[in-house]
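> Handing over protein.txt, compact mmCIF, C-alpha atoms.
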# COMPACT_ATOMS: atom_id res chain seq x y z
CA MET D 1 93.16 82.06 103.79
CA ASP D 2 95.59 79.27 102.97
CA LYS D 3 98.46 77.71 104.89
CA LEU D 4 100.99 80.25 103.68
CA ASP D 5 98.71 83.16 104.67
CA ARG D 6 98.50 81.69 108.12
CA GLU D 7 102.27 81.30 108.31
CA ILE D 8 102.67 84.94 107.33
CA LEU D 9 100.25 86.12 110.02
CA ILE D 10 102.06 84.05 112.64
CA ALA D 11 105.38 85.56 111.52
CA VAL D 12 104.19 89.17 111.82
CA GLN D 13 101.64 89.00 114.65
CA ASN D 14 104.19 89.69 117.40
CA GLY D 15 105.51 92.75 115.60
CA ILE D 16 107.59 93.52 112.55
CA PRO D 17 111.23 94.65 113.03
CA LEU D 18 111.86 98.39 113.23
CA LYS D 19 114.00 98.38 110.10
CA ARG D 20 113.79 100.31 106.86
CA GLU D 21 112.45 97.30 104.95
CA PRO D 22 110.74 95.36 107.71
CA PHE D 23 109.01 92.81 105.52
CA LYS D 24 112.15 91.65 103.74
CA GLU D 25 113.50 89.72 106.72
CA THR D 26 110.14 88.08 107.45
CA ALA D 27 109.77 87.02 103.83
CA GLU D 28 113.24 85.49 103.82
CA LYS D 29 112.48 83.50 106.97
CA ILE D 30 109.37 82.05 105.38
CA GLY D 31 111.16 81.49 102.08
CA ILE D 32 109.06 83.74 99.83
CA THR D 33 109.79 87.06 98.17
CA GLU D 34 109.01 90.34 99.88
CA LYS D 35 106.68 91.13 96.99
CA GLU D 36 104.69 87.95 97.55
CA LEU D 37 104.46 88.59 101.29
CA LEU D 38 103.19 92.14 100.76
CA ARG D 39 100.75 90.98 98.10
CA ARG D 40 99.26 88.47 100.53
CA LEU D 41 99.18 90.86 103.48
CA ASN D 42 97.42 93.48 101.38
CA ARG D 43 94.91 90.91 100.17
CA MET D 44 94.14 89.76 103.73
CA ASN D 45 93.81 93.40 104.72
CA ASP D 46 91.40 94.11 101.84
CA GLU D 47 89.36 90.96 102.42
CA GLY D 48 89.09 91.61 106.15
CA ASP D 49 91.10 88.74 107.65
CA ILE D 50 93.21 91.57 109.04
CA ARG D 51 91.07 94.29 110.54
CA ARG D 52 93.99 96.67 110.28
CA PHE D 53 97.77 96.60 110.28
CA SER D 54 98.75 99.20 112.86
CA ALA D 55 100.64 100.22 115.97
CA ASN D 56 99.51 98.65 119.22
CA ILE D 57 99.61 101.51 121.71
CA ASN D 58 99.97 101.34 125.47
CA GLN D 59 97.74 104.28 126.30
CA ARG D 60 98.59 104.17 130.00
CA LYS D 61 102.10 105.42 129.22
CA LEU D 62 100.48 108.56 127.84
CA GLY D 63 98.32 109.21 130.87
CA ILE D 64 95.16 107.67 129.45
CA ILE D 65 94.72 105.78 132.70
CA ALA D 66 90.96 105.49 133.09
CA ASN D 67 89.43 102.41 131.48
CA ALA D 68 85.84 101.43 132.13
CA VAL D 69 83.25 99.08 130.82
CA VAL D 70 79.94 100.91 130.92
CA VAL D 71 77.11 98.39 131.01
CA TRP D 72 73.61 99.48 130.01
CA ASN D 73 70.14 98.06 130.44
CA ILE D 74 68.39 99.44 127.39
CA PRO D 75 64.79 98.60 126.55
CA GLU D 76 64.26 96.86 123.22
CA GLU D 77 62.50 99.86 121.67
CA LYS D 78 65.40 102.19 122.44
CA ILE D 79 68.31 99.98 121.51
CA ASP D 80 68.71 100.95 117.84
CA ASP D 81 68.69 104.68 118.60
CA ALA D 82 71.14 104.15 121.45
CA ILE D 83 73.52 102.28 119.17
CA LYS D 84 73.43 105.13 116.66
CA VAL D 85 74.43 107.58 119.39
CA PHE D 86 77.16 105.28 120.71
CA MET D 87 78.62 104.63 117.27
CA GLY D 88 79.02 108.37 116.80
CA SER D 89 81.22 108.62 119.90
CA PRO D 90 84.94 108.05 119.21
CA GLU D 91 85.56 107.69 122.96
CA ILE D 92 83.97 104.24 122.73
CA SER D 93 86.38 101.61 121.45
CA HIS D 94 84.27 98.49 121.85
CA LEU D 95 80.51 98.12 121.61
CA TYR D 96 78.70 94.82 121.97
CA GLU D 97 75.28 93.50 122.81
CA ARG D 98 75.42 90.42 125.01
CA VAL D 99 73.00 87.85 126.39
CA THR D 100 71.08 88.67 129.56
CA TYR D 101 69.82 86.58 132.48
CA PRO D 102 66.42 88.02 133.42
CA GLY D 103 66.19 88.74 137.14
CA ARG D 104 69.89 88.16 137.60
CA TRP D 105 71.77 90.25 135.05
CA GLU D 106 69.83 92.55 132.75
CA TYR D 107 72.57 94.62 131.12
CA ASN D 108 72.37 94.10 127.38
CA LEU D 109 74.82 96.67 125.96
CA TYR D 110 78.54 96.95 126.76
CA SER D 111 80.72 99.91 125.88
CA VAL D 112 84.42 100.26 126.61
CA VAL D 113 85.62 103.81 127.28
CA HIS D 114 89.19 105.10 127.66
CA ASP D 115 90.11 108.58 128.84
CA TYR D 116 92.63 110.63 130.82
CA SER D 117 90.63 110.64 134.05
CA VAL D 118 87.96 108.78 135.98
CA GLU D 119 85.90 111.99 136.17
CA SER D 120 85.86 112.46 132.41
CA VAL D 121 84.73 108.85 131.87
CA ARG D 122 81.91 109.34 134.39
CA ARG D 123 80.90 112.63 132.81
CA PHE D 124 80.90 111.04 129.37
CA ALA D 125 78.70 108.14 130.52
CA HIS D 126 76.32 110.59 132.16
CA GLU D 127 76.03 112.61 128.95
CA LEU D 128 75.35 109.46 126.96
CA ALA D 129 72.66 108.42 129.43
CA ASP D 130 70.96 111.80 128.99
CA LYS D 131 71.15 111.57 125.21
CA ILE D 132 69.57 108.13 124.98
CA GLY D 133 67.17 108.58 127.91
CA VAL D 134 68.33 105.54 129.87
CA ASN D 135 69.25 105.62 133.54
CA ASP D 136 70.03 102.00 134.29
CA TYR D 137 73.77 101.79 133.74
CA GLN D 138 76.99 101.19 135.67
CA VAL D 139 80.48 102.53 135.08
CA LEU D 140 82.89 99.76 136.03
CA PHE D 141 86.51 100.83 136.18
CA SER D 142 89.33 98.34 136.02
CA LYS D 143 91.19 98.06 139.30
CA LYS D 144 93.84 95.75 137.97
CA ARG D 145 94.82 94.31 134.63
CA PHE D 146 95.84 90.67 135.01
CA LYS D 147 96.11 90.07 131.29
CA GLY D 148 95.57 91.96 128.08
CA THR D 149 96.74 90.50 124.82
CA SER D 150 95.30 90.71 121.37
CA SER D 151 94.09 87.50 119.75
CA ARG D 152 96.96 85.49 118.28
CA LEU D 153 97.10 82.49 116.04
CA ALA D 154 98.74 79.40 117.48
CA PRO D 155 101.67 78.05 115.44
CA ARG D 156 100.05 74.62 115.10
CA ARG D 157 96.53 73.37 115.37
CA MET N 1 103.78 105.24 136.11
CA LYS N 2 105.65 108.14 134.52
CA THR N 3 103.71 109.75 131.71
CA VAL N 4 105.50 110.11 128.37
CA GLN N 5 105.19 113.59 126.88
CA LEU N 6 104.46 113.92 123.16
CA ASP N 7 105.26 116.81 120.83
CA THR N 8 103.14 117.77 117.83
CA VAL N 9 104.92 115.43 115.42
CA ASP N 10 104.64 112.46 117.83
CA LYS N 11 100.91 113.09 118.18
CA LYS N 12 100.43 113.19 114.41
CA LEU N 13 102.55 110.07 114.05
CA LEU N 14 100.57 108.12 116.68
CA THR N 15 97.24 109.33 115.31
CA ILE N 16 98.18 107.87 111.92
CA VAL N 17 99.80 104.61 113.01
CA GLN N 18 97.07 103.64 115.49
CA GLU N 19 94.87 103.38 112.39
CA GLU N 20 97.26 102.07 109.78
CA LEU N 21 100.84 101.38 108.76
CA PRO N 22 101.15 101.26 104.97
CA LEU N 23 101.77 97.70 103.75
CA VAL N 24 104.58 98.61 101.37
CA SER N 25 108.26 97.71 101.19
CA ARG N 26 109.35 100.87 103.03
CA PRO N 27 106.43 101.82 105.27
CA TRP N 28 108.41 104.30 107.42
CA ASP N 29 109.51 106.24 104.34
CA ALA N 30 105.87 106.56 103.29
CA LEU N 31 104.97 107.72 106.77
CA ALA N 32 107.88 110.18 106.92
CA GLU N 33 106.78 111.74 103.67
CA ARG N 34 103.26 112.15 104.97
CA LEU N 35 104.54 113.87 108.10
CA GLY N 36 107.06 116.01 106.22
CA VAL N 37 110.11 114.65 108.04
CA THR N 38 113.08 112.57 106.91
CA TYR N 39 113.19 108.79 107.27
CA GLU N 40 115.97 109.15 109.87
CA GLU N 41 113.92 111.58 111.96
CA LEU N 42 110.83 109.40 111.72
CA MET N 43 112.70 106.23 112.72
CA LYS N 44 114.32 108.02 115.66
CA ARG N 45 110.85 108.90 116.94
CA VAL N 46 109.40 105.45 116.33
CA LYS N 47 112.30 103.81 118.18
CA LYS N 48 111.98 106.24 121.09
CA LEU N 49 108.22 105.61 121.38
CA HIS N 50 108.91 101.88 121.26
CA GLU N 51 111.63 102.08 123.94
CA ASP N 52 109.36 104.20 126.13
CA GLY N 53 106.69 101.51 125.83
CA VAL N 54 104.15 103.76 124.11
CA ILE N 55 104.18 101.61 120.97
CA ARG N 56 104.11 97.92 121.87
CA ARG N 57 104.50 96.66 118.31
CA PHE N 58 103.46 97.13 114.70
CA GLY N 59 101.38 94.23 113.53
CA PRO N 60 98.03 92.93 112.35
CA VAL N 61 94.80 93.13 114.31
CA LEU N 62 93.12 89.90 113.32
CA GLU N 63 89.45 89.58 112.45
CA THR N 64 89.02 86.64 114.77
CA ASP N 65 85.83 85.34 113.13
CA ARG N 66 87.67 85.03 109.81
CA VAL N 67 90.94 83.49 110.95
CA GLY N 68 89.48 80.49 112.73
CA LEU N 69 88.97 81.93 116.21
CA SER N 70 85.22 82.14 116.03
CA ALA N 71 84.03 81.13 119.50
CA ARG N 72 84.26 83.76 122.20
CA THR N 73 82.62 84.97 125.33
CA LEU N 74 82.96 87.31 128.30
CA VAL N 75 82.88 85.65 131.70
CA LEU N 76 82.13 87.50 134.94
CA MET N 77 83.20 85.76 138.15
CA LYS N 78 82.54 86.37 141.83
CA ILE N 79 85.82 85.83 143.66
CA PRO N 80 86.18 86.13 147.45
CA HIS N 81 88.49 89.06 148.25
CA ASP N 82 91.20 86.93 149.81
CA ARG N 83 91.44 84.79 146.66
CA VAL N 84 91.57 87.52 144.02
CA GLU N 85 95.33 87.43 143.37
CA GLU N 86 95.51 83.65 143.32
CA VAL N 87 92.54 83.20 140.98
CA GLY N 88 93.70 86.09 138.77
CA VAL N 89 96.97 84.30 138.09
CA ILE N 90 95.27 80.93 137.50
CA VAL N 91 92.74 82.32 135.02
CA SER N 92 95.30 84.44 133.15
CA GLY N 93 97.54 81.39 132.76
CA PHE N 94 95.13 79.89 130.23
CA ASP N 95 96.09 80.57 126.60
CA THR N 96 92.43 80.86 125.70
CA VAL N 97 92.07 83.89 127.99
CA THR N 98 92.94 87.11 126.13
CA HIS N 99 91.89 89.75 128.66
CA ASN N 100 91.41 89.57 132.39
CA TYR N 101 90.55 92.59 134.51
CA LEU N 102 89.58 93.16 138.10
CA ARG N 103 86.58 95.48 138.26
CA GLU N 104 84.74 97.21 141.08
CA HIS N 105 81.68 95.01 141.23
CA GLU N 106 80.23 92.02 143.02
CA TYR N 107 81.30 90.10 139.93
CA ASN N 108 84.85 91.31 140.31
CA MET N 109 86.79 89.34 137.70
CA TRP N 110 86.01 89.90 134.02
CA PHE N 111 87.79 87.83 131.41
CA THR N 112 87.39 87.10 127.72
CA LEU N 113 87.82 83.63 126.30
CA ILE N 114 88.50 82.86 122.66
CA THR N 115 88.81 79.50 120.89
CA SER N 116 88.17 78.00 117.49
CA SER N 117 84.92 76.18 118.35
CA GLU N 118 81.97 76.25 120.75
CA ASP N 119 83.00 72.84 122.12
CA GLN N 120 86.48 74.08 122.89
CA LEU N 121 85.00 77.18 124.49
CA ARG N 122 82.81 75.08 126.83
CA SER N 123 85.63 72.73 127.81
CA SER N 124 88.09 75.57 128.33
CA LEU N 125 85.64 77.34 130.63
CA GLN N 126 85.10 74.11 132.59
CA GLU N 127 88.85 73.67 133.00
CA ILE N 128 89.22 77.23 134.22
CA LEU N 129 86.42 76.84 136.77
CA GLU N 130 87.95 73.63 138.06
CA ALA N 131 91.45 75.08 138.28
CA ALA N 132 90.16 78.19 140.04
CA GLN N 133 87.72 76.22 142.20
CA ILE N 134 84.86 78.59 141.47
CA PRO N 135 81.35 77.12 141.24
CA GLU N 136 79.34 77.61 138.07
CA SER N 137 76.70 79.47 140.10
CA ASP N 138 79.24 82.27 140.70
CA ILE N 139 79.77 83.13 137.06
CA LEU N 140 77.91 84.83 134.25
CA ASP N 141 78.71 83.61 130.76
CA LEU N 142 77.96 86.49 128.41
CA PRO N 143 78.47 85.73 124.71
CA VAL N 144 77.98 88.52 122.20
CA THR N 145 74.64 88.67 120.41
CA ARG N 146 75.54 91.64 118.19
CA LYS N 147 78.94 93.21 117.57
CA HIS N 148 78.95 96.89 116.67
CA ARG N 149 82.40 98.39 116.93
CA ILE N 150 85.92 97.42 117.80
CA LYS N 151 88.14 100.33 117.03
CA VAL N 152 90.54 101.96 119.38
CA SER N 153 91.25 105.56 118.38
CA TYR N 154 92.80 107.74 121.03
CA LYS N 155 92.84 111.52 120.98
CA PHE N 156 96.41 112.32 122.02
CA ARG N 157 97.04 115.33 124.21
Please render this file's structure as structure tokens.

Amino acid sequence: MDKLDREILIAVQNGIPLKREPFKETAEKIGITEKELLRRLNRMNDEGDIRRFSANINQRKLGIIANAVVVWNIPEEKIDDAIKVFMGSPEISHLYERVTYPGRWEYNLYSVVHDYSVESVRRFAHELADKIGVNDYQVLFSKKRFKGTSSRLAPRR
Amino acid sequence: MKTVQLDTVDKKLLTIVQEELPLVSRPWDALAERLGVTYEELMKRVKKLHEDGVIRRFGPVLETDRVGLSARTLVLMKIPHDRVEEVGVIVSGFDTVTHNYLREHEYNMWFTLITSSEDQLRSSLQEILEAAQIPESDILDLPVTRKHRIKVSYKFR
């Protein structure tokens, strides 16, 4: 990624205009052709600097109001099988292993689940627990969202 | 919050664009063709979904590790109940904080921090703790050890 790539990302990261040729305006602002801008965006997309170029959806507006982090304490010998099961579940949007503090905080796997109701999230977590044979987990719903933004590049560093 | 109702075409549209908007000169035309509607019809729907707040924006989801935002962690904090609102606002005011949720747990505030280096991550966390007046003994710093999936894909009803 060079300086111009970065400038392009900064120009589009807050959303492209809802116009028939949305990239034209952005290209003009930066002072390059639309073709060049699209070439670079496609390259960054192919190379993985951009995970995807897509719509950011506010699921709450559609009634998908239940959001929970389900934290799991999974023994070492079961973790790979558990991850296979979790990866096959589209209800899970985020899946990470994180450090633990023995005796203080032993949850090593974190899954984020979204659904239309609290009950369905609980049911889903329960089914997962049965599938992987692990009972030490907690379903932690969000009570309030103070902040939720995607990662953005700063204009200058 | 009032729930926005979707018809069949809206659902198809959202299912596609949550994954990908084509990076071409006229992306909406490409999308319209795929859905079997005119450009005008498609744009009317996109604008309505945007006005209703269902679509926040169309833009890139950055692969943070590749674009220079490589240091990140999840921090869990124990906040006394009477300080939750105050601390929530303080923590969320930091640019390095991307998400901050209140969850039903003894560690009731969960926020993610992202910066371009480990040093910056450490100093940002120290600044936050000082500003919020929360002792280090009341937090859990939980960096990722293995990342498995980050992909939001909703099933629209």
> At most 7 Å is the cut-off: for each residue in chain D with any atom that close to an atom of chain N, write down the nearest atom pair and the distance in Å rounded to one decimal, counting all atoms listed in the file, chain first then increasing number, as CSV.

residue,atom,partner,partner_atom,distance
D:Val12,CA,N:Gly59,CA,6.0
D:Gln13,CA,N:Gly59,CA,5.4
D:Asn14,CA,N:Gly59,CA,6.6
D:Gly15,CA,N:Gly59,CA,4.9
D:Ile16,CA,N:Phe58,CA,5.9
D:Arg20,CA,N:Arg26,CA,5.9
D:Glu21,CA,N:Arg26,CA,5.1
D:Phe23,CA,N:Ser25,CA,6.6
D:Leu38,CA,N:Leu23,CA,6.5
D:Asn42,CA,N:Leu23,CA,6.5
D:Gly48,CA,N:Glu63,CA,6.6
D:Asp49,CA,N:Glu63,CA,5.1
D:Ile50,CA,N:Leu62,CA,4.6
D:Arg51,CA,N:Glu63,CA,5.3
D:Arg52,CA,N:Val61,CA,5.4
D:Phe53,CA,N:Pro60,CA,4.2
D:Ser54,CA,N:Glu20,CA,4.5
D:Ala55,CA,N:Phe58,CA,4.4
D:Asn56,CA,N:Arg56,CA,5.4
D:Ile57,CA,N:Ile55,CA,4.6
D:Asn58,CA,N:Val54,CA,5.0
D:Gln59,CA,N:Val54,CA,6.8
D:Lys61,CA,N:Thr3,CA,5.2
D:Leu62,CA,N:Thr3,CA,5.2
D:Gly63,CA,N:Thr3,CA,5.5
D:Pro90,CA,N:Ser153,CA,6.8
D:Ser93,CA,N:Val152,CA,4.7
D:His94,CA,N:Ile150,CA,4.5
D:Leu95,CA,N:Arg149,CA,5.1
D:Tyr96,CA,N:Lys147,CA,4.7
D:Glu97,CA,N:Arg146,CA,5.0
D:Arg98,CA,N:Val144,CA,4.2
D:Val99,CA,N:Leu142,CA,5.5
D:Leu140,CA,N:Glu104,CA,6.0
D:Phe141,CA,N:Arg103,CA,5.7
D:Ser142,CA,N:Arg103,CA,4.6
D:Lys143,CA,N:Leu102,CA,5.3
D:Lys144,CA,N:Leu102,CA,5.0
D:Arg145,CA,N:Tyr101,CA,4.6
D:Phe146,CA,N:Asn100,CA,5.3
D:Lys147,CA,N:Asn100,CA,4.9
D:Gly148,CA,N:His99,CA,4.3
D:Thr149,CA,N:Thr98,CA,5.3
D:Ser150,CA,N:Thr98,CA,6.4
D:Ser151,CA,N:Thr98,CA,6.5
> Would you mind exporting C-alpha atoms of the selected residues as a CSV table (one decimal), in the frame of the given file?

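After the write, selection-v9.csv holds the following:
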chain,number,residue,atom,x,y,z
D,12,VAL,CA,104.2,89.2,111.8
D,13,GLN,CA,101.6,89.0,114.6
D,14,ASN,CA,104.2,89.7,117.4
D,15,GLY,CA,105.5,92.8,115.6
D,16,ILE,CA,107.6,93.5,112.6
D,20,ARG,CA,113.8,100.3,106.9
D,21,GLU,CA,112.4,97.3,105.0
D,23,PHE,CA,109.0,92.8,105.5
D,38,LEU,CA,103.2,92.1,100.8
D,42,ASN,CA,97.4,93.5,101.4
D,48,GLY,CA,89.1,91.6,106.2
D,49,ASP,CA,91.1,88.7,107.6
D,50,ILE,CA,93.2,91.6,109.0
D,51,ARG,CA,91.1,94.3,110.5
D,52,ARG,CA,94.0,96.7,110.3
D,53,PHE,CA,97.8,96.6,110.3
D,54,SER,CA,98.8,99.2,112.9
D,55,ALA,CA,100.6,100.2,116.0
D,56,ASN,CA,99.5,98.6,119.2
D,57,ILE,CA,99.6,101.5,121.7
D,58,ASN,CA,100.0,101.3,125.5
D,59,GLN,CA,97.7,104.3,126.3
D,61,LYS,CA,102.1,105.4,129.2
D,62,LEU,CA,100.5,108.6,127.8
D,63,GLY,CA,98.3,109.2,130.9
D,90,PRO,CA,84.9,108.0,119.2
D,93,SER,CA,86.4,101.6,121.4
D,94,HIS,CA,84.3,98.5,121.8
D,95,LEU,CA,80.5,98.1,121.6
D,96,TYR,CA,78.7,94.8,122.0
D,97,GLU,CA,75.3,93.5,122.8
D,98,ARG,CA,75.4,90.4,125.0
D,99,VAL,CA,73.0,87.8,126.4
D,140,LEU,CA,82.9,99.8,136.0
D,141,PHE,CA,86.5,100.8,136.2
D,142,SER,CA,89.3,98.3,136.0
D,143,LYS,CA,91.2,98.1,139.3
D,144,LYS,CA,93.8,95.8,138.0
D,145,ARG,CA,94.8,94.3,134.6
D,146,PHE,CA,95.8,90.7,135.0
D,147,LYS,CA,96.1,90.1,131.3
D,148,GLY,CA,95.6,92.0,128.1
D,149,THR,CA,96.7,90.5,124.8
D,150,SER,CA,95.3,90.7,121.4
D,151,SER,CA,94.1,87.5,119.8
> From the options D:Asn67, D:Thr26, D:Asn73, D:Thr33, which residue's atoms come nearest to Tyr110 in chain D, counting only C-alpha atoms?
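Closest residue, counting only C-alpha atoms: D:Asn73.
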> For the atom pair CA of Lys11 in chain N and CA of Val113 in chain D, what is the interatomic distance in Å to one decimal place?
20.1 Å
> With only C-alpha atoms as the basis for distance, which of N:Leu31, N:Leu76, N:Ala71, N:Val87 is at the shortest distance from Arg122 in chain N?
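Comparing N:Leu31, N:Leu76, N:Ala71, N:Val87 against Arg122 in chain N, the winner is N:Ala71.
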> Any chance you could work out the axis-aligned box around range 116-127 of chain N, listed atoms only, 5 Å on each side, giving centre and edge lengths in Å to one decimal, as JSON?

{"center_x": 85.4, "center_y": 75.4, "center_z": 125.2, "size_x": 16.9, "size_y": 15.3, "size_z": 25.5}
> Provide range 46-62 of chain D rebuilt to N, CA and C atoms, formatted as an mmCIF file, in the coordinates of the input.

data_model
loop_
_atom_site.group_PDB
_atom_site.id
_atom_site.type_symbol
_atom_site.label_atom_id
_atom_site.label_comp_id
_atom_site.auth_asym_id
_atom_site.auth_seq_id
_atom_site.Cartn_x
_atom_site.Cartn_y
_atom_site.Cartn_z
ATOM 1 N N ASP D 46 92.561 93.713 102.652
ATOM 2 C CA ASP D 46 91.400 94.110 101.840
ATOM 3 C C ASP D 46 90.197 93.205 102.097
ATOM 4 N N GLU D 47 90.472 91.910 102.258
ATOM 5 C CA GLU D 47 89.360 90.960 102.420
ATOM 6 C C GLU D 47 88.836 90.918 103.852
ATOM 7 N N GLY D 48 89.585 91.505 104.778
ATOM 8 C CA GLY D 48 89.090 91.610 106.150
ATOM 9 C C GLY D 48 89.564 90.532 107.115
ATOM 10 N N ASP D 49 90.507 89.676 106.689
ATOM 11 C CA ASP D 49 91.100 88.740 107.650
ATOM 12 C C ASP D 49 91.900 89.540 108.677
ATOM 13 N N ILE D 50 92.538 90.603 108.181
ATOM 14 C CA ILE D 50 93.210 91.570 109.040
ATOM 15 C C ILE D 50 92.304 92.777 109.134
ATOM 16 N N ARG D 51 91.945 93.129 110.364
ATOM 17 C CA ARG D 51 91.070 94.290 110.540
ATOM 18 C C ARG D 51 91.841 95.558 110.201
ATOM 19 N N ARG D 52 93.055 95.620 110.702
ATOM 20 C CA ARG D 52 93.990 96.670 110.280
ATOM 21 C C ARG D 52 95.396 96.254 110.661
ATOM 22 N N PHE D 53 96.361 96.827 109.966
ATOM 23 C CA PHE D 53 97.770 96.600 110.280
ATOM 24 C C PHE D 53 98.252 97.913 110.891
ATOM 25 N N SER D 54 98.565 97.905 112.186
ATOM 26 C CA SER D 54 98.750 99.200 112.860
ATOM 27 C C SER D 54 99.647 99.075 114.076
ATOM 28 N N ALA D 55 99.864 100.207 114.725
ATOM 29 C CA ALA D 55 100.640 100.220 115.970
ATOM 30 C C ALA D 55 99.723 99.839 117.122
ATOM 31 N N ASN D 56 100.230 98.961 117.992
ATOM 32 C CA ASN D 56 99.510 98.650 119.220
ATOM 33 C C ASN D 56 100.051 99.599 120.282
ATOM 34 N N ILE D 57 99.179 100.432 120.820
ATOM 35 C CA ILE D 57 99.610 101.510 121.710
ATOM 36 C C ILE D 57 99.251 101.220 123.165
ATOM 37 N N ASN D 58 100.226 101.451 124.037
ATOM 38 C CA ASN D 58 99.970 101.340 125.470
ATOM 39 C C ASN D 58 99.563 102.722 125.984
ATOM 40 N N GLN D 59 98.246 102.943 126.016
ATOM 41 C CA GLN D 59 97.740 104.280 126.300
ATOM 42 C C GLN D 59 98.061 104.752 127.715
ATOM 43 N N ARG D 60 98.284 103.796 128.612
ATOM 44 C CA ARG D 60 98.590 104.170 130.000
ATOM 45 C C ARG D 60 99.873 104.986 130.099
ATOM 46 N N LYS D 61 100.820 104.672 129.225
ATOM 47 C CA LYS D 61 102.100 105.420 129.220
ATOM 48 C C LYS D 61 101.890 106.880 128.874
ATOM 49 N N LEU D 62 100.759 107.181 128.255
ATOM 50 C CA LEU D 62 100.480 108.560 127.840
ATOM 51 C C LEU D 62 99.518 109.252 128.792
#
